[in-house]
>>> print(open('protein30.cif').read())   # mmCIF, C-alpha atoms
data_run
loop_
_atom_site.label_atom_id
_atom_site.label_comp_id
_atom_site.auth_asym_id
_atom_site.auth_seq_id
_atom_site.Cartn_x
_atom_site.Cartn_y
_atom_site.Cartn_z
CA MET A 52 37.39 6.24 46.44
CA THR A 53 40.99 5.02 46.50
CA VAL A 54 43.37 7.46 48.20
CA GLN A 55 46.49 8.13 46.13
CA SER A 56 49.76 8.06 48.08
CA TYR A 57 53.22 9.03 46.85
CA ARG A 58 56.69 9.09 48.38
CA LEU A 59 58.44 12.45 48.58
CA GLY A 60 61.40 10.88 46.82
CA GLU A 61 59.38 10.04 43.71
CA ILE A 62 57.68 13.46 43.78
CA ALA A 63 61.06 15.21 43.91
CA GLU A 64 62.33 13.11 41.01
CA ALA A 65 59.24 13.81 38.90
CA LEU A 66 59.47 17.56 39.50
CA GLY A 67 63.24 17.77 39.20
CA ALA A 68 63.30 19.27 42.70
CA GLU A 69 65.99 19.10 45.38
CA LEU A 70 64.61 17.31 48.44
CA ARG A 71 65.71 18.34 51.89
CA GLY A 72 64.16 15.77 54.18
CA ASP A 73 62.91 12.18 54.33
CA PRO A 74 62.33 10.66 50.86
CA ASP A 75 60.06 7.95 52.36
CA THR A 76 57.50 10.42 53.76
CA ARG A 77 54.19 9.73 52.04
CA VAL A 78 51.81 12.37 50.67
CA THR A 79 48.11 11.82 50.00
CA GLY A 80 47.01 15.28 48.86
CA LEU A 81 47.62 19.00 48.49
CA ALA A 82 46.55 21.87 50.74
CA THR A 83 47.36 25.45 51.69
CA LEU A 84 50.09 26.20 54.21
CA GLN A 85 47.44 27.06 56.81
CA ALA A 86 45.23 24.00 56.29
CA ALA A 87 47.72 21.25 55.38
CA GLY A 88 47.94 18.19 57.59
CA PRO A 89 50.88 15.83 58.20
CA ASP A 90 50.08 13.74 55.10
CA GLN A 91 49.61 16.68 52.71
CA LEU A 92 51.98 18.74 50.58
CA SER A 93 51.84 22.53 50.26
CA PHE A 94 53.72 25.26 48.39
CA LEU A 95 54.87 28.85 48.81
CA ALA A 96 54.70 30.93 45.65
CA ASN A 97 53.39 34.29 46.93
CA PRO A 98 55.64 36.03 49.49
CA ALA A 99 52.49 37.31 51.25
CA TYR A 100 51.96 33.78 52.61
CA ALA A 101 55.51 33.31 53.92
CA LYS A 102 54.27 34.12 57.44
CA TYR A 103 52.45 30.77 57.49
CA LEU A 104 55.53 28.75 56.60
CA THR A 105 57.03 28.38 60.08
CA ASP A 106 53.79 27.04 61.59
CA THR A 107 52.61 24.76 58.80
CA ARG A 108 51.83 21.13 59.62
CA ALA A 109 52.37 20.01 56.01
CA ALA A 110 54.40 16.88 55.30
CA ALA A 111 56.45 18.95 52.86
CA VAL A 112 56.46 22.36 51.21
CA ILE A 113 57.54 23.32 47.70
CA VAL A 114 59.55 26.55 47.93
CA SER A 115 62.14 28.44 45.94
CA PRO A 116 65.73 28.26 47.22
CA ALA A 117 65.60 31.96 48.10
CA ALA A 118 62.53 31.49 50.31
CA ALA A 119 63.56 28.22 51.94
CA GLY A 120 65.06 29.60 55.16
CA ASP A 121 64.38 27.62 58.33
CA ASN A 122 61.44 25.28 57.83
CA PRO A 123 59.78 22.94 60.31
CA THR A 124 59.17 20.29 57.68
CA ASN A 125 60.51 18.58 54.56
CA VAL A 126 61.27 20.91 51.69
CA LEU A 127 61.21 20.52 47.90
CA LEU A 128 63.32 23.23 46.30
CA LEU A 129 62.15 24.53 42.92
CA ASP A 130 62.78 27.81 41.13
CA ASN A 131 59.07 27.93 40.23
CA PRO A 132 57.04 26.47 43.14
CA TYR A 133 53.72 27.38 41.54
CA LEU A 134 54.57 25.34 38.45
CA GLY A 135 55.50 22.41 40.69
CA TYR A 136 52.13 22.68 42.41
CA ALA A 137 50.37 22.87 39.02
CA ARG A 138 52.02 19.67 37.85
CA LEU A 139 51.27 17.82 41.08
CA SER A 140 47.63 18.92 41.10
CA HIS A 141 46.91 16.40 38.34
CA TRP A 142 48.25 13.57 40.51
CA PHE A 143 45.50 14.16 43.06
CA ASP A 144 42.64 15.30 40.81
CA PRO A 145 39.46 13.51 41.98
CA ALA A 146 37.53 14.19 38.74
CA PRO A 147 36.19 10.94 37.26
CA VAL A 148 37.92 9.69 34.12
CA ALA A 149 35.46 9.07 31.32
CA PRO A 150 35.53 5.44 30.18
CA PRO A 151 36.01 4.71 26.48
CA GLY A 152 32.91 3.92 24.48
CA ILE A 153 29.65 5.46 23.30
CA HIS A 154 26.83 5.83 25.82
CA PRO A 155 23.57 4.17 24.67
CA SER A 156 21.70 7.49 24.81
CA ALA A 157 24.22 9.34 22.61
CA VAL A 158 23.29 10.08 18.99
CA VAL A 159 26.20 9.45 16.63
CA ASP A 160 25.75 9.88 12.89
CA PRO A 161 26.92 6.84 10.88
CA ASP A 162 29.13 9.17 8.84
CA ALA A 163 31.08 10.32 11.92
CA SER A 164 34.50 8.85 12.76
CA VAL A 165 34.81 7.87 16.43
CA PRO A 166 37.77 5.70 17.55
CA ALA A 167 37.32 3.00 20.17
CA SER A 168 39.48 4.97 22.63
CA ALA A 169 37.11 7.96 22.63
CA SER A 170 34.37 8.53 25.20
CA ILE A 171 30.97 9.84 24.13
CA GLY A 172 28.79 10.75 27.13
CA PRO A 173 25.03 10.48 27.72
CA ASN A 174 22.79 12.43 25.32
CA ALA A 175 25.73 13.80 23.35
CA VAL A 176 25.11 14.46 19.64
CA ILE A 177 27.79 13.80 17.03
CA GLU A 178 26.73 14.98 13.58
CA ALA A 179 27.71 13.82 10.10
CA GLY A 180 31.31 14.11 8.96
CA VAL A 181 32.72 14.67 12.44
CA VAL A 182 36.22 13.30 13.00
CA ILE A 183 37.20 12.61 16.61
CA GLY A 184 40.78 11.83 17.62
CA GLU A 185 42.13 9.16 19.93
CA GLN A 186 41.26 9.40 23.64
CA VAL A 187 38.92 12.35 23.18
CA ALA A 188 36.18 12.72 25.81
CA ILE A 189 32.84 14.28 24.89
CA GLY A 190 30.74 15.15 27.96
CA ALA A 191 27.04 14.59 28.53
CA GLY A 192 24.68 16.71 26.45
CA SER A 193 27.42 18.20 24.25
CA ILE A 194 26.82 18.80 20.56
CA VAL A 195 29.51 18.41 17.91
CA GLY A 196 28.37 19.96 14.64
CA ALA A 197 28.79 18.61 11.14
CA ARG A 198 32.34 18.18 9.78
CA THR A 199 33.98 19.35 13.00
CA THR A 200 37.33 17.77 13.89
CA ILE A 201 38.67 17.27 17.42
CA GLY A 202 42.33 16.44 17.99
CA ALA A 203 43.65 13.61 20.13
CA GLY A 204 43.47 13.91 23.89
CA SER A 205 41.00 16.81 23.96
CA VAL A 206 38.30 17.01 26.62
CA ILE A 207 34.88 18.49 25.89
CA ARG A 208 32.97 18.95 29.14
CA PRO A 209 29.16 18.53 29.44
CA ARG A 210 26.85 20.92 27.57
CA VAL A 211 29.40 22.32 25.14
CA SER A 212 28.23 23.35 21.68
CA LEU A 213 30.64 23.02 18.77
CA ALA A 214 29.06 24.32 15.58
CA HIS A 215 29.74 22.98 12.09
CA ASP A 216 33.27 22.94 10.62
CA VAL A 217 35.02 23.85 13.85
CA VAL A 218 38.63 22.67 14.18
CA VAL A 219 39.81 21.77 17.70
CA GLY A 220 43.49 20.93 18.14
CA GLN A 221 45.10 18.29 20.34
CA ARG A 222 44.86 18.29 24.14
CA CYS A 223 42.33 21.11 24.24
CA HIS A 224 40.03 21.54 27.22
CA ILE A 225 36.62 23.13 26.66
CA LEU A 226 34.53 23.72 29.77
CA SER A 227 30.76 23.45 30.22
CA GLY A 228 28.51 25.93 28.49
CA ALA A 229 31.10 27.11 25.98
CA VAL A 230 29.85 27.81 22.46
CA ILE A 231 32.45 27.52 19.70
CA GLY A 232 31.56 28.53 16.15
CA SER A 233 28.38 30.46 16.78
CA ASP A 234 27.45 33.05 14.16
CA GLY A 235 29.27 36.35 14.38
CA PHE A 236 27.33 39.59 14.88
CA GLY A 237 27.05 40.60 11.24
CA PHE A 238 24.23 42.73 9.80
CA ALA A 239 23.86 45.20 6.96
CA ASN A 240 21.64 48.24 7.44
CA GLU A 241 19.18 49.50 4.85
CA LYS A 242 16.93 52.42 5.76
CA GLY A 243 17.01 51.57 9.45
CA GLN A 244 16.43 47.84 9.02
CA TRP A 245 19.05 45.17 9.71
CA HIS A 246 19.75 42.35 7.26
CA ARG A 247 21.60 39.28 8.51
CA ILE A 248 24.94 38.33 6.91
CA ALA A 249 25.73 34.63 6.66
CA GLN A 250 28.93 33.78 8.53
CA LEU A 251 31.01 31.68 6.13
CA GLY A 252 34.27 31.23 8.06
CA ARG A 253 35.25 28.71 10.73
CA VAL A 254 36.75 28.69 14.20
CA ILE A 255 40.17 27.07 14.50
CA LEU A 256 41.61 26.26 17.92
CA GLY A 257 45.30 25.32 18.09
CA ASP A 258 46.79 22.67 20.37
CA ASP A 259 46.60 22.92 24.18
CA VAL A 260 43.90 25.60 24.16
CA GLU A 261 41.61 26.00 27.18
CA VAL A 262 38.18 27.61 26.80
CA GLY A 263 36.35 28.53 30.01
CA ALA A 264 32.74 27.92 31.00
CA ASN A 265 30.14 29.93 29.05
CA THR A 266 32.76 31.52 26.83
CA THR A 267 31.74 32.12 23.22
CA ILE A 268 33.95 32.22 20.14
CA ASP A 269 32.21 33.34 16.94
CA ARG A 270 32.96 31.89 13.54
CA GLY A 271 34.45 34.15 10.90
CA ALA A 272 32.35 36.12 8.46
CA LEU A 273 34.65 35.28 5.52
CA ASP A 274 38.06 34.41 6.99
CA ASP A 275 38.44 32.13 10.01
CA THR A 276 38.52 33.05 13.68
CA VAL A 277 41.84 31.62 14.89
CA ILE A 278 42.95 30.88 18.47
CA GLY A 279 46.66 30.04 18.67
CA ASN A 280 48.46 27.20 20.42
CA GLY A 281 48.44 27.26 24.21
CA VAL A 282 45.91 30.10 24.55
CA LYS A 283 43.99 30.10 27.86
CA LEU A 284 40.55 31.72 28.01
CA ASP A 285 38.71 32.13 31.30
CA ASN A 286 34.93 31.93 31.83
CA LEU A 287 32.44 34.37 30.27
CA ILE A 288 34.65 35.71 27.50
CA GLN A 289 33.36 36.92 24.13
CA ILE A 290 35.58 36.51 21.07
CA ALA A 291 33.97 38.02 17.97
CA HIS A 292 34.23 36.95 14.35
CA ASN A 293 37.55 36.99 12.49
CA VAL A 294 39.58 37.65 15.65
CA ARG A 295 43.06 36.15 15.76
CA ILE A 296 44.81 35.47 19.06
CA GLY A 297 48.51 34.61 19.07
CA ASP A 298 50.12 31.63 20.78
CA HIS A 299 50.19 31.38 24.59
CA SER A 300 48.08 34.44 25.32
CA ALA A 301 45.76 34.38 28.34
CA MET A 302 42.55 36.26 29.14
CA ALA A 303 40.68 36.55 32.43
CA ALA A 304 36.91 36.46 32.86
CA MET A 305 34.58 38.85 31.04
CA VAL A 306 37.09 40.04 28.45
CA GLY A 307 35.49 41.14 25.17
CA ILE A 308 37.30 41.22 21.83
CA SER A 309 35.50 42.92 18.93
CA GLY A 310 35.56 41.65 15.37
CA SER A 311 38.61 41.40 13.12
CA THR A 312 41.08 42.37 15.82
CA LYS A 313 44.50 40.70 15.75
CA ILE A 314 46.16 39.99 19.11
CA GLY A 315 49.80 38.99 19.41
CA SER A 316 51.39 36.10 21.27
CA HIS A 317 52.12 35.94 25.03
CA CYS A 318 49.57 38.67 25.79
CA VAL A 319 47.76 38.79 29.15
CA PHE A 320 44.40 40.55 29.45
CA GLY A 321 42.99 41.30 32.90
CA GLY A 322 39.35 40.73 33.80
CA ALA A 323 36.63 42.75 32.04
CA SER A 324 39.10 44.43 29.69
CA GLY A 325 37.90 45.10 26.18
CA VAL A 326 39.37 45.68 22.74
CA ALA A 327 37.56 47.48 19.93
CA GLY A 328 37.34 46.03 16.44
CA HIS A 329 39.81 46.03 13.53
CA LEU A 330 42.82 46.73 15.77
CA GLU A 331 46.27 45.19 16.10
CA ILE A 332 47.81 44.37 19.48
CA ALA A 333 51.54 43.63 19.65
CA ASN A 334 53.14 40.61 21.28
CA GLN A 335 53.59 40.61 25.07
CA VAL A 336 50.98 43.24 25.84
CA HIS A 337 49.50 43.15 29.36
CA LEU A 338 46.14 44.88 29.92
CA THR A 339 45.23 45.46 33.55
CA GLY A 340 41.65 44.81 34.65
CA MET A 341 38.85 46.78 32.97
CA THR A 342 41.19 48.42 30.45
CA LEU A 343 39.47 49.60 27.26
CA VAL A 344 41.59 49.63 24.09
CA THR A 345 40.34 51.79 21.21
CA GLY A 346 43.50 52.06 19.12
CA ASP A 347 46.38 49.87 17.94
CA ILE A 348 49.04 48.90 20.47
CA ARG A 349 52.34 48.46 18.65
CA GLU A 350 54.78 48.08 21.55
CA PRO A 351 54.97 45.42 24.30
CA GLY A 352 54.24 46.57 27.82
CA VAL A 353 51.58 47.08 30.49
CA TYR A 354 48.57 49.23 29.58
CA SER A 355 45.71 50.54 31.71
CA SER A 356 42.68 52.82 31.43
CA GLY A 357 39.78 53.99 33.56
CA THR A 358 39.74 55.34 37.08
CA SER A 359 39.79 53.49 40.38
CA ALA A 360 36.91 53.54 42.86
CA ASP A 361 36.44 56.58 45.06
CA THR A 362 33.78 58.05 47.31
CA ASN A 363 30.76 59.10 45.25
CA ARG A 364 31.09 62.71 46.33
CA ARG A 365 34.72 63.00 45.19
CA TRP A 366 34.08 60.98 42.03
CA ARG A 367 31.26 63.35 40.99
CA LYS A 368 33.50 66.37 41.48
CA ASN A 369 36.29 64.78 39.43
CA ALA A 370 33.84 63.77 36.71
CA VAL A 371 32.88 67.45 36.30
CA ARG A 372 36.55 68.41 36.14
CA PHE A 373 37.19 65.76 33.53
CA ARG A 374 34.60 67.37 31.24
CA GLN A 375 36.46 70.66 31.64
CA LEU A 376 39.86 69.26 30.60
CA ASP A 377 39.61 70.44 26.99
CA THR A 378 38.79 73.99 28.02
CA LEU A 379 41.59 73.98 30.59
CA ALA A 380 44.07 72.64 28.02
CA ARG A 381 43.20 75.44 25.61
CA ARG A 382 43.64 78.06 28.34
CA VAL A 383 47.04 76.61 29.28
CA LYS A 384 48.14 76.69 25.64
CA GLU A 385 47.10 80.35 25.33
CA LEU A 386 48.94 81.25 28.54
CA GLU A 387 52.07 79.49 27.23
CA LYS A 388 51.92 81.51 24.01
CA LYS A 389 51.57 84.73 25.95
CA SER A 390 54.46 83.86 28.27
CA LYS A 391 56.72 83.11 25.30
CA GLY A 392 55.69 86.36 23.62
#
>>> encode(input="protein30.cif", output="structure tokens")
Amino acid sequence: MTVQSYRLGEIAEALGAELRGDPDTRVTGLATLQAAGPDQLSFLANPAYAKYLTDTRAAAVIVSPAAAGDNPTNVLLLDNPYLGYARLSHWFDPAPVAPPGIHPSAVVDPDASVPASASIGPNAVIEAGVVIGEQVAIGAGSIVGARTTIGAGSVIRPRVSLAHDVVVGQRCHILSGAVIGSDGFGFANEKGQWHRIAQLGRVILGDDVEVGANTTIDRGALDDTVIGNGVKLDNLIQIAHNVRIGDHSAMAAMVGISGSTKIGSHCVFGGASGVAGHLEIANQVHLTGMTLVTGDIREPGVYSSGTSADTNRRWRKNAVRFRQLDTLARRVKELEKKSKG
């Protein structure tokens, strides 16, 4: 494997950073402050790691001007060091680049549109009416259902399932095991028996959407399930039918969104948080981990629910007290009435 090497001067120019040090120093990779060697670049974004800065052996460190201080090495000054690291990470990414072309073992329907710049991996299945954009990569064993469209520059990792009529925007990244456009959980009950409802809507992903491994997004029952531009979904997330997620929202692992809920833009949901169905969540709402939302949230802000871990003995006592809250509230109200009288 060829080792990539870059001058600090060209890195600073690409990032728009101020370089304090030798522009001819060469960098061959990225590492943490603790582990970096003399040919690697590191960064300081979390103040908790500032204690490692003075002893780092890194060739250079990306830091904010406020945190620069006295450093034993070259420094790249950026207001957002973490963003600088994010951009540079792609320079050193060792993941293989899929070559253009259709693998001999892939099954591509004659009615599908696949440009010469696209890559179709081993054992992938491309069904009738599919339209694939320029420089799209479809990983091994993935299935692209009938009449689905995939925008230019999108990457579909191995073993992804895209059902029929799914719309994937440009530069999307869908990780292994994700299922997009599966049937929503729709059943009608008659005398204790469940009758399946056909799911007639689609799933539409905007541009620059990321869908994590083993995440599922259900197609709409009548209207479409819509994921806005720039949305980032972690692994093991469940998005139910007819959900709408606004632009540039992000959700951590194991979030669950029930059907027909509308989520605003620039929202951030912590891990294992959940939202009940048919609700509306405002823009710029932040749910901390394991928060359960059962009603509309109409104002931006940070919301939490649940209780933190405690010893079992104390938790059991508090659980009993919690069940007594209604009785206690009534007694307090009666005492207030008497005191006013």
>>> atom_distance(input="protein30.cif", atom1="atom CA of Ala110 of chain A", atom2="atom CA of Thr76 of chain A")
7.3 Å
>>> closest_residue(input="protein30.cif", among="A:Ala264, A:Ala118, A:Pro89, A:Tyr57", to="Arg77 of chain A", atoms="all atoms listed in the file")
A:Tyr57
>>> closest_residue(input="protein30.cif", among="A:Phe373, A:Trp245, A:Phe94, A:Phe236", to="Val126 of chain A", atoms="all atoms listed in the file")
A:Phe94
>>> resolve_selection(input="protein30.cif", expression="the PyMOL selection byres ((chain A and resi 322) around 7)", output="ChimeraX atom specification")
/A:303-306,320-321,323-324,340-341
>>> residues_around(input="protein30.cif", residues="Gly204 of chain A", least_positions_apart="3", cutoff="8 Å", atoms="all atoms listed in the file", output="list in words")
Gly184, Glu185, Gln186, Val187, Ala188, Gln221, Arg222 and Cys223 of chain A
>>> resolve_selection(input="protein30.cif", expression="the PyMOL selection byres ((chain A and resi 314) around 8)", output="list in words")
Val294, Arg295, Ile296, Gly297, Thr312, Lys313, Gly315, Ser316, Cys318, Glu331, Ile332, Ala333 and Asn334 of chain A
>>> write_last_selection(input="protein30.cif", atoms="C-alpha atoms", output="PDB file, in the frame of the given file")
ATOM      1  CA  VAL A 294      39.580  37.650  15.650  1.00  0.00           C
ATOM      2  CA  ARG A 295      43.060  36.150  15.760  1.00  0.00           C
ATOM      3  CA  ILE A 296      44.810  35.470  19.060  1.00  0.00           C
ATOM      4  CA  GLY A 297      48.510  34.610  19.070  1.00  0.00           C
ATOM      5  CA  THR A 312      41.080  42.370  15.820  1.00  0.00           C
ATOM      6  CA  LYS A 313      44.500  40.700  15.750  1.00  0.00           C
ATOM      7  CA  GLY A 315      49.800  38.990  19.410  1.00  0.00           C
ATOM      8  CA  SER A 316      51.390  36.100  21.270  1.00  0.00           C
ATOM      9  CA  CYS A 318      49.570  38.670  25.790  1.00  0.00           C
ATOM     10  CA  GLU A 331      46.270  45.190  16.100  1.00  0.00           C
ATOM     11  CA  ILE A 332      47.810  44.370  19.480  1.00  0.00           C
ATOM     12  CA  ALA A 333      51.540  43.630  19.650  1.00  0.00           C
ATOM     13  CA  ASN A 334      53.140  40.610  21.280  1.00  0.00           C
TER      14      ASN A 334
END
>>> atom_distance(input="protein30.cif", atom1="atom CA of Asp130 of chain A", atom2="atom CA of Ala63 of chain A")
13.0 Å
>>> closest_residue(input="protein30.cif", among="A:Asp90, A:Ser156, A:Val218, A:Ile177", to="Asn125 of chain A", atoms="only C-alpha atoms")
A:Asp90
>>> decode(input="protein30.cif", residues="segment 217-228 of chain A", atoms="all heavy atoms", output="PDB file, in the first residue's frame")
ATOM      1  N   VAL A 217     -37.453   3.659  -4.054  1.00  0.00           N
ATOM      2  CA  VAL A 217     -36.713   4.512  -3.115  1.00  0.00           C
ATOM      3  C   VAL A 217     -35.975   5.600  -3.899  1.00  0.00           C
ATOM      4  O   VAL A 217     -35.492   5.366  -5.008  1.00  0.00           O
ATOM      5  CB  VAL A 217     -35.710   3.671  -2.288  1.00  0.00           C
ATOM      6  CG1 VAL A 217     -34.740   4.559  -1.510  1.00  0.00           C
ATOM      7  CG2 VAL A 217     -36.460   2.737  -1.355  1.00  0.00           C
ATOM      8  N   VAL A 218     -35.885   6.786  -3.313  1.00  0.00           N
ATOM      9  CA  VAL A 218     -35.137   7.885  -3.919  1.00  0.00           C
ATOM     10  C   VAL A 218     -33.968   8.222  -2.999  1.00  0.00           C
ATOM     11  O   VAL A 218     -34.179   8.594  -1.837  1.00  0.00           O
ATOM     12  CB  VAL A 218     -36.020   9.131  -4.132  1.00  0.00           C
ATOM     13  CG1 VAL A 218     -35.187  10.282  -4.708  1.00  0.00           C
ATOM     14  CG2 VAL A 218     -37.195   8.799  -5.055  1.00  0.00           C
ATOM     15  N   VAL A 219     -32.745   8.082  -3.508  1.00  0.00           N
ATOM     16  CA  VAL A 219     -31.541   8.406  -2.754  1.00  0.00           C
ATOM     17  C   VAL A 219     -30.889   9.613  -3.420  1.00  0.00           C
ATOM     18  O   VAL A 219     -30.647   9.597  -4.632  1.00  0.00           O
ATOM     19  CB  VAL A 219     -30.552   7.219  -2.725  1.00  0.00           C
ATOM     20  CG1 VAL A 219     -29.257   7.600  -2.002  1.00  0.00           C
ATOM     21  CG2 VAL A 219     -31.197   6.005  -2.064  1.00  0.00           C
ATOM     22  N   GLY A 220     -30.608  10.651  -2.649  1.00  0.00           N
ATOM     23  CA  GLY A 220     -30.038  11.864  -3.209  1.00  0.00           C
ATOM     24  C   GLY A 220     -28.572  11.718  -3.572  1.00  0.00           C
ATOM     25  O   GLY A 220     -28.012  10.615  -3.594  1.00  0.00           O
ATOM     26  N   GLN A 221     -27.934  12.829  -3.836  1.00  0.00           N
ATOM     27  CA  GLN A 221     -26.520  12.842  -4.211  1.00  0.00           C
ATOM     28  C   GLN A 221     -25.625  12.750  -2.970  1.00  0.00           C
ATOM     29  O   GLN A 221     -25.973  13.241  -1.903  1.00  0.00           O
ATOM     30  CB  GLN A 221     -26.192  14.117  -4.979  1.00  0.00           C
ATOM     31  CG  GLN A 221     -26.972  14.293  -6.272  1.00  0.00           C
ATOM     32  CD  GLN A 221     -26.553  15.545  -7.000  1.00  0.00           C
ATOM     33  OE1 GLN A 221     -25.466  15.617  -7.578  1.00  0.00           O
ATOM     34  NE2 GLN A 221     -27.417  16.555  -6.998  1.00  0.00           N
ATOM     35  N   ARG A 222     -24.484  12.101  -3.149  1.00  0.00           N
ATOM     36  CA  ARG A 222     -23.431  12.018  -2.129  1.00  0.00           C
ATOM     37  C   ARG A 222     -23.921  11.409  -0.822  1.00  0.00           C
ATOM     38  O   ARG A 222     -23.438  11.723   0.262  1.00  0.00           O
ATOM     39  CB  ARG A 222     -22.821  13.403  -1.860  1.00  0.00           C
ATOM     40  CG  ARG A 222     -22.204  14.055  -3.099  1.00  0.00           C
ATOM     41  CD  ARG A 222     -21.740  15.463  -2.792  1.00  0.00           C
ATOM     42  NE  ARG A 222     -22.837  16.300  -2.325  1.00  0.00           N
ATOM     43  CZ  ARG A 222     -23.741  16.895  -3.110  1.00  0.00           C
ATOM     44  NH1 ARG A 222     -23.660  16.779  -4.434  1.00  0.00           N
ATOM     45  NH2 ARG A 222     -24.698  17.627  -2.586  1.00  0.00           N
ATOM     46  N   CYS A 223     -24.888  10.520  -0.910  1.00  0.00           N
ATOM     47  CA  CYS A 223     -25.344   9.805   0.286  1.00  0.00           C
ATOM     48  C   CYS A 223     -24.399   8.649   0.593  1.00  0.00           C
ATOM     49  O   CYS A 223     -23.682   8.166  -0.276  1.00  0.00           O
ATOM     50  CB  CYS A 223     -26.763   9.285   0.097  1.00  0.00           C
ATOM     51  SG  CYS A 223     -28.017  10.593   0.024  1.00  0.00           S
ATOM     52  N   HIS A 224     -24.413   8.214   1.837  1.00  0.00           N
ATOM     53  CA  HIS A 224     -23.544   7.120   2.275  1.00  0.00           C
ATOM     54  C   HIS A 224     -24.398   6.183   3.118  1.00  0.00           C
ATOM     55  O   HIS A 224     -24.833   6.557   4.213  1.00  0.00           O
ATOM     56  CB  HIS A 224     -22.381   7.675   3.079  1.00  0.00           C
ATOM     57  CG  HIS A 224     -21.233   6.738   3.197  1.00  0.00           C
ATOM     58  ND1 HIS A 224     -20.002   7.124   3.666  1.00  0.00           N
ATOM     59  CD2 HIS A 224     -21.112   5.420   2.908  1.00  0.00           C
ATOM     60  CE1 HIS A 224     -19.169   6.096   3.647  1.00  0.00           C
ATOM     61  NE2 HIS A 224     -19.842   5.052   3.200  1.00  0.00           N
ATOM     62  N   ILE A 225     -24.636   4.978   2.607  1.00  0.00           N
ATOM     63  CA  ILE A 225     -25.499   4.017   3.297  1.00  0.00           C
ATOM     64  C   ILE A 225     -24.649   2.813   3.685  1.00  0.00           C
ATOM     65  O   ILE A 225     -24.086   2.136   2.824  1.00  0.00           O
ATOM     66  CB  ILE A 225     -26.692   3.610   2.414  1.00  0.00           C
ATOM     67  CG1 ILE A 225     -27.485   4.859   2.010  1.00  0.00           C
ATOM     68  CG2 ILE A 225     -27.588   2.626   3.144  1.00  0.00           C
ATOM     69  CD1 ILE A 225     -28.664   4.595   1.106  1.00  0.00           C
ATOM     70  N   LEU A 226     -24.554   2.554   4.989  1.00  0.00           N
ATOM     71  CA  LEU A 226     -23.643   1.541   5.496  1.00  0.00           C
ATOM     72  C   LEU A 226     -24.275   0.145   5.509  1.00  0.00           C
ATOM     73  O   LEU A 226     -25.498  -0.016   5.400  1.00  0.00           O
ATOM     74  CB  LEU A 226     -23.176   1.917   6.904  1.00  0.00           C
ATOM     75  CG  LEU A 226     -22.514   3.293   7.049  1.00  0.00           C
ATOM     76  CD1 LEU A 226     -21.939   3.458   8.443  1.00  0.00           C
ATOM     77  CD2 LEU A 226     -21.432   3.507   6.006  1.00  0.00           C
ATOM     78  N   SER A 227     -23.432  -0.853   5.656  1.00  0.00           N
ATOM     79  CA  SER A 227     -23.826  -2.257   5.506  1.00  0.00           C
ATOM     80  C   SER A 227     -24.989  -2.636   6.415  1.00  0.00           C
ATOM     81  O   SER A 227     -25.059  -2.230   7.574  1.00  0.00           O
ATOM     82  CB  SER A 227     -22.637  -3.159   5.813  1.00  0.00           C
ATOM     83  OG  SER A 227     -21.608  -2.970   4.873  1.00  0.00           O
ATOM     84  N   GLY A 228     -25.882  -3.438   5.876  1.00  0.00           N
ATOM     85  CA  GLY A 228     -27.008  -3.953   6.635  1.00  0.00           C
ATOM     86  C   GLY A 228     -28.201  -3.040   6.704  1.00  0.00           C
ATOM     87  O   GLY A 228     -29.257  -3.443   7.204  1.00  0.00           O
TER      88      GLY A 228
END
